[in-house]
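Accompanying notes for the structure given below.
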Amino acid sequence: MHVNGFSCKPESNITASDFFFAGIGKTAVVNNTVGSAVTGANVEKIAGLNTLGVSLARIDYAPGGLNPPHTHPRATEVIFVLEGELDVGFITTANKLFAKTVKKGEVFVFPRGLIHYQKNNDIAKPASVISAFNSQLPGTQSIAATLFTATPAIPDHVLTTALQIGTKEVEKIKSKFASKKG
């Protein structure tokens, strides 16, 4: 049987392990050009979250690292800063930026579906946060990656008009993203 697209075990087969995940207890290795790594603790990793409407993630930032502008279409996100200091912000549908510097022990909220980001202020030390979501699977849509790596591709003329840049710039950006796939 499936509920919400995920299998459900018969009650007699459910164990404590269905409600457990140790993955966010350790700092992730950050080895990408943006300088952040996300470790999700959602229904894909914790079967017992199915139908409960909550999940977590840990985000680790290299010195100066960025969690690029993105959105969660199915959830509001609350971050709790474990280590470091981050510049964070979200943009409303009226194009107003709400931004703040948050430090160890502080919390910031990103409303559901709004574009937001987090940037480690320190160029010498890493930072980390725990994110909580009011969805078992919040989804993440990275703005730049979505625009430049869609399959099939968004036509160049759409991107050049929307972003007010030339075709050469579109191709250059696409090539930078293409080299990071797989």
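Ordering of the structure tokens sets the chain letters (A, B, ...); residue numbers start at 1 within each chain; ligands are numbered from 1 in the order shown.
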Looking only at helix (DSSP H, G or I) from DSSP on the backbone, list the matching residues of region 1-175 of chain A as a ChimeraX atom specification. /A:11-13,16-19,23-25,47-49,143-149,156-163,167-175
Going by DSSP on the backbone, which residues of chain A come out as strand (DSSP E or B)? List them as a PyMOL selection string. chain A and resi 2-3+6-7+36-41+55-61+66-71+77-83+85-91+97-103+107-110+115-120+127-133+141-142
Write the residues of the preceding selection, restricted to C-alpha atoms, as a PDB file, in the first residue's frame.
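Final output, saved to selection.pdb:
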ATOM      1  CA  HIS A   2       1.128   3.583  -0.744  1.00  0.00           C
ATOM      2  CA  VAL A   3       0.136   6.863   0.899  1.00  0.00           C
ATOM      3  CA  PHE A   6       5.459   6.343  -0.271  1.00  0.00           C
ATOM      4  CA  SER A   7       5.036   2.740   0.877  1.00  0.00           C
ATOM      5  CA  SER A  36      27.279  24.531   0.910  1.00  0.00           C
ATOM      6  CA  ALA A  37      25.948  21.010   1.419  1.00  0.00           C
ATOM      7  CA  VAL A  38      22.424  20.002   2.441  1.00  0.00           C
ATOM      8  CA  THR A  39      21.680  16.783   4.298  1.00  0.00           C
ATOM      9  CA  GLY A  40      17.948  16.133   4.243  1.00  0.00           C
ATOM     10  CA  ALA A  41      16.050  14.254   6.940  1.00  0.00           C
ATOM     11  CA  SER A  55      11.051  17.218   8.176  1.00  0.00           C
ATOM     12  CA  LEU A  56      14.522  18.573   8.899  1.00  0.00           C
ATOM     13  CA  ALA A  57      17.744  19.299   7.055  1.00  0.00           C
ATOM     14  CA  ARG A  58      21.258  20.238   8.034  1.00  0.00           C
ATOM     15  CA  ILE A  59      23.089  22.776   5.900  1.00  0.00           C
ATOM     16  CA  ASP A  60      26.853  23.068   6.195  1.00  0.00           C
ATOM     17  CA  TYR A  61      28.681  26.061   4.719  1.00  0.00           C
ATOM     18  CA  LEU A  66      26.380  30.207  -0.074  1.00  0.00           C
ATOM     19  CA  ASN A  67      23.101  28.312  -0.167  1.00  0.00           C
ATOM     20  CA  PRO A  68      22.032  29.942  -3.458  1.00  0.00           C
ATOM     21  CA  PRO A  69      18.630  31.556  -4.015  1.00  0.00           C
ATOM     22  CA  HIS A  70      15.999  28.825  -3.986  1.00  0.00           C
ATOM     23  CA  THR A  71      12.444  28.096  -2.936  1.00  0.00           C
ATOM     24  CA  GLU A  77      11.448  26.789   6.530  1.00  0.00           C
ATOM     25  CA  VAL A  78      12.824  27.745   9.939  1.00  0.00           C
ATOM     26  CA  ILE A  79      16.601  27.744  10.407  1.00  0.00           C
ATOM     27  CA  PHE A  80      18.449  27.465  13.715  1.00  0.00           C
ATOM     28  CA  VAL A  81      22.111  28.491  13.538  1.00  0.00           C
ATOM     29  CA  LEU A  82      24.347  25.813  15.082  1.00  0.00           C
ATOM     30  CA  GLU A  83      27.673  27.493  14.283  1.00  0.00           C
ATOM     31  CA  GLU A  85      27.032  33.787  11.356  1.00  0.00           C
ATOM     32  CA  LEU A  86      24.960  34.008   8.193  1.00  0.00           C
ATOM     33  CA  ASP A  87      23.462  36.740   6.051  1.00  0.00           C
ATOM     34  CA  VAL A  88      19.980  35.475   5.174  1.00  0.00           C
ATOM     35  CA  GLY A  89      17.027  36.865   3.327  1.00  0.00           C
ATOM     36  CA  PHE A  90      13.843  36.247   1.401  1.00  0.00           C
ATOM     37  CA  ILE A  91      12.002  38.207  -1.250  1.00  0.00           C
ATOM     38  CA  LEU A  97      13.777  41.884   0.525  1.00  0.00           C
ATOM     39  CA  PHE A  98      13.705  40.925   4.205  1.00  0.00           C
ATOM     40  CA  ALA A  99      17.322  40.320   5.214  1.00  0.00           C
ATOM     41  CA  LYS A 100      19.162  39.887   8.496  1.00  0.00           C
ATOM     42  CA  THR A 101      22.407  38.630   9.934  1.00  0.00           C
ATOM     43  CA  VAL A 102      21.752  35.619  12.171  1.00  0.00           C
ATOM     44  CA  LYS A 103      24.240  34.198  14.666  1.00  0.00           C
ATOM     45  CA  VAL A 107      16.374  31.514  14.361  1.00  0.00           C
ATOM     46  CA  PHE A 108      15.064  32.917  11.061  1.00  0.00           C
ATOM     47  CA  VAL A 109      11.917  31.983   9.093  1.00  0.00           C
ATOM     48  CA  PHE A 110      11.492  31.752   5.307  1.00  0.00           C
ATOM     49  CA  ILE A 115      12.866  32.814  -2.878  1.00  0.00           C
ATOM     50  CA  HIS A 116      15.504  32.878  -0.146  1.00  0.00           C
ATOM     51  CA  TYR A 117      19.232  32.405   0.490  1.00  0.00           C
ATOM     52  CA  GLN A 118      21.831  32.001   3.225  1.00  0.00           C
ATOM     53  CA  LYS A 119      25.487  33.138   3.032  1.00  0.00           C
ATOM     54  CA  ASN A 120      28.258  32.383   5.515  1.00  0.00           C
ATOM     55  CA  ALA A 127      28.959  27.593   9.555  1.00  0.00           C
ATOM     56  CA  SER A 128      25.997  25.242   9.934  1.00  0.00           C
ATOM     57  CA  VAL A 129      22.244  25.343  10.525  1.00  0.00           C
ATOM     58  CA  ILE A 130      19.405  22.963  11.193  1.00  0.00           C
ATOM     59  CA  SER A 131      16.349  23.662   9.052  1.00  0.00           C
ATOM     60  CA  ALA A 132      12.844  22.586  10.019  1.00  0.00           C
ATOM     61  CA  PHE A 133      10.008  22.308   7.487  1.00  0.00           C
ATOM     62  CA  GLN A 141      13.961  24.549  -6.558  1.00  0.00           C
ATOM     63  CA  SER A 142      17.265  26.352  -7.069  1.00  0.00           C
TER      64      SER A 142
END
Quick one: residues within 12 Å of region 143-152 of chain A, only C-alpha atoms counted, chain neighbours fewer than 6 positions away excluded, as JSON, numbers by chain? {"A": [34, 67, 68, 69, 70, 71, 72, 113, 114, 115, 116, 117, 158, 159, 160, 162, 163, 169, 170, 171, 172, 173, 174, 175, 176, 177, 178, 179, 180, 181]}
